[in-house]
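Data file: run.cif. Format and content: mmCIF, C-alpha atoms.
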data_work
#
loop_
_atom_site.label_atom_id
_atom_site.label_comp_id
_atom_site.auth_asym_id
_atom_site.auth_seq_id
_atom_site.Cartn_x
_atom_site.Cartn_y
_atom_site.Cartn_z
CA MET A 239 46.87 61.74 -10.58
CA ARG A 240 44.16 61.26 -7.98
CA LYS A 241 41.91 59.74 -10.65
CA LYS A 242 44.62 57.20 -11.53
CA VAL A 243 45.02 56.23 -7.88
CA ARG A 244 41.23 55.82 -7.51
CA ARG A 245 41.08 53.61 -10.63
CA ARG A 246 43.93 51.39 -9.31
CA LYS A 247 42.16 51.06 -5.94
CA SER A 248 38.93 50.21 -7.71
CA ASN A 249 40.66 47.56 -9.86
CA ASP A 250 42.34 46.08 -6.77
CA ASN A 251 38.96 45.85 -5.00
CA ILE A 252 37.44 44.04 -7.99
CA GLN A 253 40.36 41.58 -8.08
CA ILE A 254 40.08 40.93 -4.34
CA THR A 255 36.34 40.32 -4.66
CA ILE A 256 36.89 37.87 -7.54
CA VAL A 257 39.56 36.02 -5.58
CA ARG A 258 37.25 35.87 -2.57
CA TYR A 259 34.44 34.43 -4.72
CA LEU A 260 36.83 31.87 -6.18
CA ILE A 261 38.05 30.83 -2.73
CA GLY A 262 34.43 30.58 -1.58
CA LEU A 263 33.47 28.44 -4.57
CA ILE A 264 36.48 26.15 -4.11
CA THR A 265 35.62 25.79 -0.39
CA VAL A 266 32.00 24.88 -1.17
CA PHE A 267 33.16 22.40 -3.85
CA VAL A 268 35.62 20.74 -1.45
CA VAL A 269 33.03 20.51 1.35
CA VAL A 270 30.34 19.09 -0.97
CA SER A 271 32.81 16.57 -2.48
CA PHE A 272 33.71 15.45 1.02
CA LEU A 273 30.16 15.15 2.33
CA TYR A 274 28.31 13.86 -0.75
CA PRO A 275 29.48 10.23 -0.54
CA ARG A 276 28.57 10.17 3.16
CA ILE A 277 25.11 11.62 2.45
CA ILE A 278 24.60 9.03 -0.31
CA THR A 279 25.80 6.25 1.98
CA LYS A 280 23.33 7.40 4.62
CA LYS A 281 20.50 7.34 2.10
CA ILE A 282 21.34 3.79 0.98
CA PRO A 283 22.32 1.85 4.08
CA CYS A 284 24.28 -1.32 3.87
CA ALA A 285 21.95 -4.33 3.88
CA ASN A 286 24.73 -6.80 4.54
CA SER A 287 27.91 -5.59 6.17
CA ILE A 288 29.98 -8.44 4.70
CA SER A 289 29.16 -7.72 1.06
CA CYS A 290 29.59 -4.00 1.74
CA LYS A 291 33.22 -4.57 2.72
CA GLU A 292 34.22 -7.27 0.28
CA THR A 293 32.88 -9.09 -2.75
CA PRO A 294 30.34 -11.70 -1.59
CA LYS A 295 31.31 -15.30 -2.16
CA PHE A 296 29.89 -18.80 -2.15
CA GLU A 297 30.13 -20.25 1.36
CA VAL A 298 28.74 -23.41 2.93
CA GLU A 299 29.43 -24.27 6.57
CA THR A 300 28.64 -27.56 8.32
CA ASN A 301 27.05 -27.68 11.78
CA ALA A 302 27.42 -23.92 12.08
CA THR A 303 25.85 -21.61 14.64
CA GLY A 304 24.54 -18.21 13.64
CA ILE A 305 23.27 -15.19 15.52
CA TYR A 306 19.83 -13.71 14.98
CA ASN A 307 18.22 -11.02 17.15
CA ASN A 308 21.50 -11.17 19.05
CA LYS A 309 20.77 -14.80 20.06
CA PRO A 310 22.51 -18.00 18.90
CA ILE A 311 20.63 -19.99 16.30
CA ILE A 312 21.28 -23.47 14.86
CA VAL A 313 22.01 -23.18 11.16
CA PRO A 314 20.61 -25.85 8.83
CA ASN A 315 23.25 -27.75 6.87
CA ILE A 316 23.21 -27.49 3.10
CA TYR A 317 23.71 -30.73 1.18
CA LEU A 318 24.77 -29.69 -2.29
CA SER A 319 24.58 -33.26 -3.58
CA GLN A 320 20.80 -33.20 -3.00
CA ASP A 321 20.41 -30.17 -5.24
CA GLU A 322 20.72 -32.35 -8.31
CA ASN A 323 17.56 -34.20 -7.30
CA VAL A 324 15.53 -31.03 -7.00
CA ASN A 325 13.30 -30.48 -9.98
CA PRO A 326 13.65 -26.97 -11.33
CA VAL A 327 9.91 -26.32 -11.18
CA LEU A 328 10.26 -22.99 -12.94
CA GLY A 329 13.19 -24.07 -15.08
CA VAL A 330 11.32 -24.18 -18.34
CA LYS A 331 13.96 -24.45 -20.99
CA THR A 332 11.90 -22.89 -23.72
CA SER A 333 11.67 -19.17 -23.06
CA ARG A 334 8.21 -17.63 -23.00
CA GLY A 335 9.41 -14.03 -22.93
CA GLU A 336 11.61 -11.74 -20.88
CA LYS A 337 12.01 -12.72 -17.24
CA HIS A 338 10.98 -10.03 -14.76
CA ILE A 339 10.52 -10.11 -10.99
CA TYR A 340 8.18 -7.63 -9.30
CA VAL A 341 8.24 -7.01 -5.55
CA ASN A 342 5.26 -5.11 -4.15
CA LEU A 343 6.15 -3.58 -0.79
CA SER A 344 2.52 -2.67 -0.03
CA THR A 345 1.24 -6.24 -0.36
CA GLN A 346 4.54 -7.94 0.56
CA THR A 347 4.35 -10.21 -2.46
CA LEU A 348 6.78 -11.26 -5.17
CA SER A 349 5.57 -12.07 -8.68
CA ALA A 350 7.82 -13.66 -11.29
CA TYR A 351 6.87 -13.28 -14.95
CA GLU A 352 8.11 -14.67 -18.24
CA GLY A 353 6.64 -12.26 -20.74
CA LYS A 354 3.00 -11.98 -19.69
CA ASN A 355 2.98 -15.40 -18.01
CA LEU A 356 2.92 -15.42 -14.23
CA ILE A 357 5.41 -18.08 -13.19
CA LEU A 358 5.27 -17.76 -9.40
CA GLN A 359 3.63 -15.50 -6.85
CA THR A 360 4.48 -15.73 -3.17
CA PRO A 361 4.44 -13.73 0.08
CA VAL A 362 7.79 -12.18 1.03
CA SER A 363 9.25 -10.15 3.89
CA THR A 364 10.97 -6.87 3.04
CA GLY A 365 12.60 -4.21 5.20
CA LEU A 366 11.42 -3.67 8.76
CA TRP A 367 14.65 -2.62 10.49
CA GLY A 368 16.20 -1.35 7.22
CA LYS A 369 14.51 0.11 4.16
CA THR A 370 14.15 -1.94 0.97
CA PRO A 371 15.06 0.28 -2.00
CA THR A 372 12.46 0.91 -4.69
CA GLY A 373 13.15 1.24 -8.42
CA GLU A 374 14.57 -0.82 -11.28
CA PHE A 375 17.30 -3.36 -10.59
CA THR A 376 19.00 -6.37 -12.14
CA ILE A 377 20.56 -9.46 -10.60
CA TRP A 378 24.34 -9.10 -10.70
CA THR A 379 25.37 -12.37 -9.07
CA LYS A 380 23.84 -15.51 -7.54
CA PHE A 381 25.14 -17.83 -4.82
CA ARG A 382 23.64 -21.11 -3.68
CA SER A 383 24.73 -20.08 -0.19
CA THR A 384 26.59 -17.24 1.49
CA ARG A 385 27.07 -15.56 4.85
CA MET A 386 25.49 -12.23 5.85
CA SER A 387 25.77 -10.03 8.90
CA GLY A 388 24.48 -6.65 9.97
CA GLY A 389 22.14 -4.82 12.29
CA SER A 390 23.24 -3.70 15.72
CA GLY A 391 22.31 -4.22 19.34
CA ALA A 392 19.17 -6.30 19.81
CA ASP A 393 18.72 -6.88 16.07
CA TYR A 394 22.34 -7.89 15.30
CA TYR A 395 22.62 -10.89 12.99
CA ASP A 396 25.42 -13.04 11.63
CA LEU A 397 23.98 -15.85 9.52
CA PRO A 398 25.95 -18.44 7.57
CA ASN A 399 24.39 -20.74 4.94
CA ILE A 400 21.81 -18.22 3.71
CA PRO A 401 20.29 -20.19 0.86
CA TYR A 402 19.62 -19.18 -2.76
CA VAL A 403 20.97 -15.62 -2.70
CA MET A 404 20.41 -13.34 -5.71
CA PHE A 405 22.19 -9.99 -5.25
CA PHE A 406 20.70 -7.10 -7.22
CA TYR A 407 21.74 -3.54 -7.99
CA GLY A 408 20.40 -0.44 -9.72
CA ASP A 409 20.37 3.34 -9.58
CA ASN A 410 18.89 3.35 -6.08
CA ALA A 411 21.18 0.66 -4.69
CA PRO A 412 24.78 0.06 -5.80
CA ALA A 413 26.06 -3.51 -5.84
CA SER A 414 28.13 -2.75 -2.75
CA SER A 415 25.01 -2.09 -0.67
CA GLY A 416 24.37 -5.84 -0.55
CA PHE A 417 20.65 -6.04 -1.28
CA SER A 418 19.39 -9.44 -2.40
CA LEU A 419 16.51 -11.88 -2.71
CA HIS A 420 17.15 -15.01 -0.67
CA GLY A 421 15.75 -17.95 1.30
CA THR A 422 15.19 -17.72 5.06
CA TYR A 423 15.66 -20.24 7.87
CA TRP A 424 15.52 -17.93 10.93
CA HIS A 425 11.94 -16.61 10.74
CA ASN A 426 8.64 -17.55 9.15
CA ASN A 427 6.58 -14.39 8.95
CA PHE A 428 6.13 -13.91 5.22
CA GLY A 429 3.61 -11.39 4.00
CA HIS A 430 4.88 -9.01 6.70
CA THR A 431 7.98 -6.78 6.88
CA MET A 432 10.74 -8.60 8.73
CA SER A 433 14.13 -7.93 7.11
CA HIS A 434 17.00 -5.44 7.25
CA GLY A 435 16.30 -4.45 3.64
CA CYS A 436 16.64 -7.68 1.66
CA VAL A 437 13.69 -9.58 0.20
CA ASN A 438 13.19 -12.72 2.34
CA MET A 439 11.34 -15.71 0.92
CA LYS A 440 10.47 -19.24 1.98
CA THR A 441 13.50 -21.33 1.10
CA THR A 442 11.49 -23.52 -1.28
CA ASP A 443 10.26 -20.43 -3.18
CA ALA A 444 13.75 -18.89 -3.20
CA GLY A 445 15.07 -22.16 -4.65
CA LYS A 446 12.55 -22.05 -7.49
CA ILE A 447 13.32 -18.39 -8.30
CA PHE A 448 17.06 -19.07 -8.01
CA GLU A 449 16.89 -21.89 -10.57
CA TRP A 450 14.75 -19.80 -12.89
CA ALA A 451 16.34 -16.32 -12.70
CA ASP A 452 19.49 -15.42 -14.59
CA ALA A 453 22.74 -13.85 -13.49
CA PRO A 454 24.60 -11.81 -16.13
CA ALA A 455 26.09 -14.03 -18.84
CA ASN A 456 27.43 -13.66 -22.37
CA GLY A 457 27.01 -9.89 -22.36
CA ASN A 458 23.38 -10.12 -21.22
CA LYS A 459 22.26 -8.48 -18.01
CA GLY A 460 20.73 -10.46 -15.18
CA THR A 461 16.99 -10.84 -14.63
CA LYS A 462 15.21 -7.54 -14.07
CA ILE A 463 13.68 -6.73 -10.70
CA THR A 464 11.18 -3.93 -10.08
CA ILE A 465 10.51 -3.00 -6.45
CA TYR A 466 7.57 -0.69 -5.90
CA GLY A 467 4.83 0.36 -3.52
CA ASP A 468 4.78 1.95 -0.12
CA ARG A 469 6.30 0.20 2.82
CA ILE A 470 3.49 -1.08 5.07
CA MET B 277 -47.95 -93.16 -32.57
CA ILE B 278 -44.38 -91.97 -32.96
CA LYS B 279 -45.72 -88.54 -33.80
CA THR B 280 -47.80 -88.50 -30.58
CA VAL B 281 -44.80 -89.53 -28.43
CA PHE B 282 -42.66 -86.83 -30.12
CA VAL B 283 -45.28 -84.16 -29.44
CA ILE B 284 -45.58 -85.26 -25.79
CA LEU B 285 -41.78 -85.26 -25.36
CA LEU B 286 -41.50 -81.86 -27.03
CA GLY B 287 -44.26 -80.51 -24.79
CA THR B 288 -42.58 -81.93 -21.70
CA VAL B 289 -39.20 -80.45 -22.66
CA MET B 290 -40.78 -77.05 -23.29
CA ALA B 291 -42.72 -77.24 -20.00
CA LEU B 292 -39.51 -78.09 -18.15
CA PHE B 293 -37.69 -75.21 -19.89
CA VAL B 294 -40.41 -72.70 -18.99
CA THR B 295 -40.48 -73.96 -15.39
CA ALA B 296 -36.73 -73.69 -15.17
CA GLN B 297 -36.87 -70.12 -16.46
CA ARG B 298 -39.57 -69.25 -13.95
CA ASN B 299 -37.53 -70.76 -11.13
CA ASN B 300 -34.52 -68.73 -12.19
CA LYS B 301 -36.57 -65.54 -12.08
CA ILE B 302 -37.90 -66.46 -8.65
CA ASN B 303 -34.39 -67.25 -7.42
CA LEU B 304 -32.91 -63.90 -8.42
CA PRO B 305 -34.61 -61.89 -5.68
CA LEU B 306 -33.66 -64.55 -3.18
CA PHE B 307 -30.05 -64.27 -4.25
CA SER B 308 -30.17 -60.44 -4.02
CA ALA B 309 -31.74 -60.61 -0.59
CA SER B 310 -28.66 -62.39 0.71
CA LEU B 311 -26.64 -59.13 0.29
CA PRO B 312 -26.23 -56.99 3.47
CA VAL B 313 -29.14 -54.62 3.67
CA THR B 314 -27.63 -52.15 6.16
CA VAL B 315 -25.17 -49.74 4.52
CA THR B 316 -22.67 -48.15 6.89
CA PRO B 317 -22.53 -44.38 6.19
CA ILE B 318 -19.04 -43.25 5.22
CA ASP B 319 -18.07 -39.74 6.39
CA LYS B 320 -17.22 -37.47 3.50
CA ILE B 321 -14.00 -35.50 3.82
CA GLN B 322 -15.24 -32.05 3.05
CA GLU B 323 -12.04 -30.06 3.15
CA VAL B 324 -8.35 -30.86 3.16
CA SER B 325 -5.83 -28.07 3.54
CA VAL B 326 -2.07 -28.54 3.49
CA MET B 327 0.99 -26.40 4.14
CA ASP B 328 4.59 -27.41 3.53
CA SER B 329 7.32 -26.36 5.94
CA PRO B 330 9.41 -23.41 4.65
CA GLU B 331 12.35 -25.60 3.61
CA GLY B 332 10.00 -28.23 2.16
CA SER B 333 10.79 -31.31 4.26
CA LYS B 334 7.44 -31.69 6.07
CA THR B 335 3.75 -31.21 5.36
CA LEU B 336 0.94 -30.25 7.71
CA THR B 337 -2.51 -31.54 6.70
CA LEU B 338 -5.83 -30.48 8.22
CA GLN B 339 -8.83 -32.64 7.36
CA LYS B 340 -12.34 -31.44 8.09
CA GLN B 341 -15.20 -33.93 8.09
CA LYS B 342 -18.84 -33.12 8.59
CA SER B 343 -21.58 -35.61 9.40
CA ASN B 344 -24.95 -34.07 10.24
CA ASP B 345 -24.23 -31.54 13.00
CA LEU B 346 -20.95 -33.12 14.03
CA THR B 347 -17.76 -31.57 12.68
CA SER B 348 -14.41 -33.23 13.21
CA TYR B 349 -10.90 -31.96 12.50
CA SER B 350 -7.81 -34.13 12.20
CA LEU B 351 -4.31 -32.68 12.05
CA PHE B 352 -1.47 -34.69 10.52
CA VAL B 353 2.27 -34.20 10.03
CA SER B 354 4.09 -36.11 7.32
CA LEU B 355 7.52 -36.14 5.78
CA LYS B 356 7.81 -35.15 2.13
CA SER B 357 10.00 -38.21 1.68
CA GLY B 358 6.80 -40.27 1.87
CA GLU B 359 6.71 -41.56 5.42
CA GLN B 360 3.22 -42.33 6.74
CA LYS B 361 1.50 -39.29 8.17
CA GLN B 362 1.19 -38.99 11.93
CA GLN B 363 -1.97 -37.66 13.52
CA ILE B 364 -1.09 -35.06 16.15
CA PHE B 365 -4.56 -33.78 17.01
CA LYS B 366 -8.23 -34.63 16.60
CA ARG B 367 -11.29 -32.62 17.62
CA GLU B 368 -14.98 -33.42 17.28
CA GLY B 369 -17.81 -31.10 18.16
CA THR B 370 -20.99 -29.37 17.23
CA GLY B 371 -19.81 -25.78 17.76
CA SER B 372 -19.41 -23.16 15.05
CA ALA B 373 -15.66 -22.68 15.54
CA THR B 374 -13.60 -23.42 12.44
CA LEU B 375 -9.93 -24.33 12.24
CA SER B 376 -7.55 -23.29 9.47
CA ILE B 377 -3.83 -23.45 8.68
CA PRO B 378 -2.17 -20.01 8.45
CA TYR B 379 0.47 -19.50 5.73
CA ASN B 380 3.26 -19.11 8.34
CA THR B 381 2.13 -22.06 10.45
CA TRP B 382 5.51 -23.82 10.74
CA SER B 383 8.13 -22.55 13.16
CA PRO B 384 11.45 -22.07 11.32
CA SER B 385 13.01 -25.30 12.64
CA ASN B 386 9.70 -27.21 12.19
CA THR B 387 9.35 -27.79 15.95
CA TYR B 388 5.94 -26.15 16.28
CA VAL B 389 2.87 -25.42 14.15
CA PHE B 390 -0.06 -23.17 14.90
CA LEU B 391 -3.69 -23.15 13.76
CA LYS B 392 -6.21 -20.33 13.67
CA GLU B 393 -9.54 -21.00 15.36
CA THR B 394 -12.17 -18.64 13.99
CA ASN B 395 -15.04 -17.96 16.33
CA THR B 396 -18.01 -15.62 16.14
CA ALA B 397 -16.81 -13.72 19.21
CA ILE B 398 -13.01 -13.79 19.35
CA ASN B 399 -10.42 -15.78 17.44
CA ASP B 400 -7.90 -18.09 19.07
CA TYR B 401 -4.56 -19.46 17.93
CA LEU B 402 -3.52 -22.97 18.92
CA VAL B 403 0.14 -23.99 19.08
CA PHE B 404 1.11 -27.67 18.71
CA GLN B 405 4.36 -29.56 18.87
CA SER B 406 4.82 -31.03 15.42
CA SER B 407 6.14 -34.25 16.99
CA GLY B 408 2.73 -34.80 18.58
CA SER B 409 4.23 -34.50 22.06
CA LEU B 410 2.18 -32.87 24.78
CA PHE B 411 3.02 -29.59 26.46
CA PRO B 412 3.49 -29.46 30.27
CA ASN B 413 0.37 -30.46 32.23
CA ASN B 414 -0.47 -32.88 29.41
CA LEU B 415 -1.85 -30.11 27.23
CA PRO B 416 -2.26 -31.16 23.59
CA TYR B 417 -1.88 -27.51 22.51
CA LEU B 418 -1.37 -24.02 23.91
CA SER B 419 -4.26 -21.59 23.54
CA VAL B 420 -2.61 -18.23 22.82
CA GLN B 421 -5.84 -16.38 23.57
CA LYS B 422 -6.34 -18.05 26.94
CA LEU B 423 -2.75 -17.51 28.07
CA PHE B 424 -2.69 -13.93 26.78
CA LYS B 425 -5.89 -13.07 28.64
CA GLU B 426 -4.44 -14.47 31.83
CA LYS B 427 -1.07 -12.74 31.54
CA VAL B 428 -1.77 -9.46 29.66
CA PRO B 429 -5.31 -8.47 30.63
CA ASN B 430 -5.45 -4.94 29.17
CA TYR B 431 -4.84 -5.89 25.54
CA ILE B 432 -6.80 -7.90 22.97
CA ILE B 433 -5.24 -10.03 20.23
CA GLU B 434 -5.85 -8.74 16.70
CA ASP B 435 -3.71 -11.22 14.76
CA VAL B 436 -0.97 -13.80 15.05
CA THR B 437 1.13 -13.48 11.91
CA GLY B 438 4.00 -15.97 12.17
CA TRP B 439 7.33 -16.77 13.79
CA ALA B 440 9.97 -14.16 14.68
CA ASP B 441 12.51 -16.90 15.37
CA LEU B 442 12.63 -20.58 16.28
CA SER B 443 10.21 -20.33 19.22
CA LEU B 444 8.79 -16.78 19.22
CA LEU B 445 5.30 -16.33 17.84
CA ILE B 446 4.37 -12.77 16.74
CA VAL B 447 1.17 -11.59 18.42
CA ASN B 448 -0.28 -8.25 17.31
CA THR B 449 -2.53 -6.66 19.91
CA LYS B 450 -4.48 -3.53 20.73
CA LEU B 451 -4.99 -1.77 24.01
CA ILE B 452 -8.62 -2.22 25.05
CA GLY B 453 -10.66 0.92 24.38
CA GLU B 454 -7.78 2.74 22.68
CA ASP B 455 -6.02 2.82 19.30
CA LYS B 456 -2.60 1.93 20.70
CA LYS B 457 -1.18 -1.16 19.00
CA VAL B 458 1.56 -3.28 20.47
CA SER B 459 3.27 -6.43 19.20
CA PHE B 460 4.27 -9.17 21.59
CA TRP B 461 6.49 -12.18 21.19
CA PHE B 462 4.95 -15.31 22.66
CA ASP B 463 7.86 -17.47 23.83
CA ILE B 464 6.64 -21.05 23.59
CA PRO B 465 9.04 -22.81 26.00
CA SER B 466 8.42 -20.32 28.83
CA GLN B 467 4.82 -19.54 27.78
CA SER B 468 5.51 -15.85 28.40
CA PHE B 469 4.63 -12.73 26.41
CA ILE B 470 7.35 -10.16 25.65
CA PRO B 471 6.14 -6.64 24.71
CA LEU B 472 8.03 -5.06 21.81
CA GLY B 473 8.97 -1.52 20.84
CA THR B 474 8.47 -2.33 17.14
CA TYR B 475 4.98 -3.04 15.82
CA PHE B 476 5.09 -5.93 13.34
CA LYS B 477 2.71 -4.94 10.55
#
Kindly transcribe the structure held in the file into structure tokens.
Amino acid sequence: MRKKVRRRKSNDNIQITIVRYLIGLITVFVVVSFLYPRIITKKIPCANSISCKETPKFEVETNATGIYNNKPIIVPNIYLSQDENVNPVLGVKTSRGEKHIYVNLSTQTLSAYEGKNLILQTPVSTGLWGKTPTGEFTIWTKFRSTRMSGGSGADYYDLPNIPYVMFFYGDNAPASSGFSLHGTYWHNNFGHTMSHGCVNMKTTDAGKIFEWADAPANGNKGTKITIYGDRI
Amino acid sequence: MIKTVFVILLGTVMALFVTAQRNNKINLPLFSASLPVTVTPIDKIQEVSVMDSPEGSKTLTLQKQKSNDLTSYSLFVSLKSGEQKQQIFKREGTGSATLSIPYNTWSPSNTYVFLKETNTAINDYLVFQSSGSLFPNNLPYLSVQKLFKEKVPNYIIEDVTGWADLSLLIVNTKLIGEDKKVSFWFDIPSQSFIPLGTYFK
């Protein structure tokens, strides 16, 4: 009789232990599920708060005022009618191989290749206040002009008419994080880090890359981008 | 008789022909001597460097000419649309200082440009108004080195990299005698230097 009671007690203890383990596992799972997206979001900050909240769109404003370094800045107008007169310097119609853009964070340079042919090489400005992600990416959409905002305090910015924007995404930066290559009218310090994570270029260079690079079309992915090197 | 007259006439004609030829030969040097003998030396443009503004509407051109020991620099601004270029600065001298156009020379709104002056001792950076207008006190340019030395005596300039915004030039400096590096913004309108917490590499 005593043996039977001991066995029952022993079985009950085992069941309680199992239940405790299960509850513990479920708790850990719930906590991790809750925190993981926040940890990921912290690792990949939002480069552009507008595109992180909503899908970016084509926007052109006339006689607009922007904010850069928390100070008002006159925004250059964009005359779309003049775009037709711009020669697509890199717009060679006959393909000479796969298009690929390389951004070297150590040297702050961008190199555009078609196959083994170097099409354009130019100084750029990558992340100073925010980190530019490294890895393999592709262009997922292009806009002749859009608005971006971000930063905080002294480095807050809200800039309309950002020219020749090529948003990219990859494993280390989802599309919603808003990273892009684009032209720049608010600083001229290329070859040195100066951005919140995007790749800033001279507007003339951005225009050439914009005309040359491809957004996804007909089932094909956009132009590949490789970002590598140590941040200087 | 007829034969004799013919021979004399033939001889006369030939003599006249030879004389004429001789006269022609004598005249040639006289004709050449009437050309100007002093040739004005034309300065050779040794180097021309150009830099377009970031959005491509304007071009900055620096011409260097050397004649014997005299070196002259001329700085021009022109519109890409083809308007005649405007000279905004000219310097002549015998010193060893050289001028060059940095990649980020244009301020973002094309109001200012800056040049690098390389010297054996310490480099200087010269800021110009792209319109050719003078700065206060009729200064054709602002010497960043001179102003920095006056206003921030404990630091030395290592580099001027470009423009942080429409009128702020990025000046990277080092504390004299130490490794501490500090970036400043040089505000052109107020000619003041603003120390920064972030070092602009």
Give as a PyMOL selection string every residue of chain A that touches chain B within 7 Å, counting only C-alpha atoms. chain A and resi 423-428+430-431+440-442+470
Hey, can you check how far atom CA of Pro378 of chain B sits from atom CA of Met432 of chain A? 17.2 Å
One decimal, Å: what's the distance from atom CA of Lys369 of chain A over to atom CA of Tyr306 of chain A, could you say? 18.3 Å
Near segment 414-428 of chain B, 10 Å: segment 335-399 of chain B residue rows, closest pairs, only C-alpha atoms, as JSON lines:
{"residue": "B:Ile364", "atom": "CA", "partner": "B:Pro416", "partner_atom": "CA", "distance": 8.5}
{"residue": "B:Phe365", "atom": "CA", "partner": "B:Pro416", "partner_atom": "CA", "distance": 7.4}
{"residue": "B:Lys366", "atom": "CA", "partner": "B:Pro416", "partner_atom": "CA", "distance": 9.8}
{"residue": "B:Val389", "atom": "CA", "partner": "B:Tyr417", "partner_atom": "CA", "distance": 9.8}
{"residue": "B:Phe390", "atom": "CA", "partner": "B:Tyr417", "partner_atom": "CA", "distance": 8.9}
{"residue": "B:Leu391", "atom": "CA", "partner": "B:Ser419", "partner_atom": "CA", "distance": 9.9}
{"residue": "B:Glu393", "atom": "CA", "partner": "B:Ser419", "partner_atom": "CA", "distance": 9.8}
{"residue": "B:Ile398", "atom": "CA", "partner": "B:Gln421", "partner_atom": "CA", "distance": 8.7}
{"residue": "B:Asn399", "atom": "CA", "partner": "B:Gln421", "partner_atom": "CA", "distance": 7.7}
Which residues fall under the PyMOL selection byres ((chain A and resi 417) around 7) in this file, as an NGL selection string? :A and (285 or 405-406 or 415-416 or 418 or 435-436)
Can you write out the residues you just picked, keeping C-alpha atoms, as a short mmCIF file (atom, residue, chain, number, x, y, z; two decimals), in the coordinates of the input?
data_model
loop_
_atom_site.label_atom_id
_atom_site.label_comp_id
_atom_site.auth_asym_id
_atom_site.auth_seq_id
_atom_site.Cartn_x
_atom_site.Cartn_y
_atom_site.Cartn_z
CA ALA A 285 21.95 -4.33 3.88
CA PHE A 405 22.19 -9.99 -5.25
CA PHE A 406 20.70 -7.10 -7.22
CA SER A 415 25.01 -2.09 -0.67
CA GLY A 416 24.37 -5.84 -0.55
CA SER A 418 19.39 -9.44 -2.40
CA GLY A 435 16.30 -4.45 3.64
CA CYS A 436 16.64 -7.68 1.66
#
Hits from the PyMOL selection byres ((chain A and resi 377-392) around 9), listed as a JSON list (two decimals) with C-alpha atoms, keeping the file's coordinate frame:
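Printed below is selection.json as written:
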[["chain", "number", "residue", "atom", "x", "y", "z"],
["A", 284, "CYS", "CA", 24.28, -1.32, 3.87],
["A", 285, "ALA", "CA", 21.95, -4.33, 3.88],
["A", 286, "ASN", "CA", 24.73, -6.80, 4.54],
["A", 287, "SER", "CA", 27.91, -5.59, 6.17],
["A", 288, "ILE", "CA", 29.98, -8.44, 4.70],
["A", 289, "SER", "CA", 29.16, -7.72, 1.06],
["A", 294, "PRO", "CA", 30.34, -11.70, -1.59],
["A", 295, "LYS", "CA", 31.31, -15.30, -2.16],
["A", 296, "PHE", "CA", 29.89, -18.80, -2.15],
["A", 297, "GLU", "CA", 30.13, -20.25, 1.36],
["A", 298, "VAL", "CA", 28.74, -23.41, 2.93],
["A", 305, "ILE", "CA", 23.27, -15.19, 15.52],
["A", 306, "TYR", "CA", 19.83, -13.71, 14.98],
["A", 307, "ASN", "CA", 18.22, -11.02, 17.15],
["A", 308, "ASN", "CA", 21.50, -11.17, 19.05],
["A", 309, "LYS", "CA", 20.77, -14.80, 20.06],
["A", 316, "ILE", "CA", 23.21, -27.49, 3.10],
["A", 318, "LEU", "CA", 24.77, -29.69, -2.29],
["A", 367, "TRP", "CA", 14.65, -2.62, 10.49],
["A", 368, "GLY", "CA", 16.20, -1.35, 7.22],
["A", 375, "PHE", "CA", 17.30, -3.36, -10.59],
["A", 376, "THR", "CA", 19.00, -6.37, -12.14],
["A", 393, "ASP", "CA", 18.72, -6.88, 16.07],
["A", 394, "TYR", "CA", 22.34, -7.89, 15.30],
["A", 395, "TYR", "CA", 22.62, -10.89, 12.99],
["A", 396, "ASP", "CA", 25.42, -13.04, 11.63],
["A", 397, "LEU", "CA", 23.98, -15.85, 9.52],
["A", 398, "PRO", "CA", 25.95, -18.44, 7.57],
["A", 399, "ASN", "CA", 24.39, -20.74, 4.94],
["A", 400, "ILE", "CA", 21.81, -18.22, 3.71],
["A", 401, "PRO", "CA", 20.29, -20.19, 0.86],
["A", 402, "TYR", "CA", 19.62, -19.18, -2.76],
["A", 403, "VAL", "CA", 20.97, -15.62, -2.70],
["A", 404, "MET", "CA", 20.41, -13.34, -5.71],
["A", 405, "PHE", "CA", 22.19, -9.99, -5.25],
["A", 406, "PHE", "CA", 20.70, -7.10, -7.22],
["A", 407, "TYR", "CA", 21.74, -3.54, -7.99],
["A", 413, "ALA", "CA", 26.06, -3.51, -5.84],
["A", 418, "SER", "CA", 19.39, -9.44, -2.40],
["A", 434, "HIS", "CA", 17.00, -5.44, 7.25],
["A", 445, "GLY", "CA", 15.07, -22.16, -4.65],
["A", 448, "PHE", "CA", 17.06, -19.07, -8.01],
["A", 451, "ALA", "CA", 16.34, -16.32, -12.70],
["A", 452, "ASP", "CA", 19.49, -15.42, -14.59],
["A", 453, "ALA", "CA", 22.74, -13.85, -13.49],
["A", 454, "PRO", "CA", 24.60, -11.81, -16.13],
["A", 459, "LYS", "CA", 22.26, -8.48, -18.01],
["A", 460, "GLY", "CA", 20.73, -10.46, -15.18],
["A", 461, "THR", "CA", 16.99, -10.84, -14.63],
["A", 462, "LYS", "CA", 15.21, -7.54, -14.07],
["A", 463, "ILE", "CA", 13.68, -6.73, -10.70]]
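Across the structure, atom CA of Pro371 of chain A and atom CA of Leu343 of chain A are spaced 9.8 Å apart.
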Near Lys450 of chain B, counting all atoms listed in the file, which residues have an atom at most 10 Å away, once you skip same-chain residues fewer than 5 positions from it, shown as a ChimeraX atom specification? /B:430-435,455-459
Using all atoms listed in the file, can you list as a ChimeraX atom specification the residues within 12 Å of (0.1, -7.9, -4.7)? /A:340-350,359-362,429,465-468
Restricting the calculation to all atoms listed in the file: of A:Glu374, A:Glu336, A:Glu449, A:Asp250, which residue gets closest to Pro412 of chain A? A:Glu374
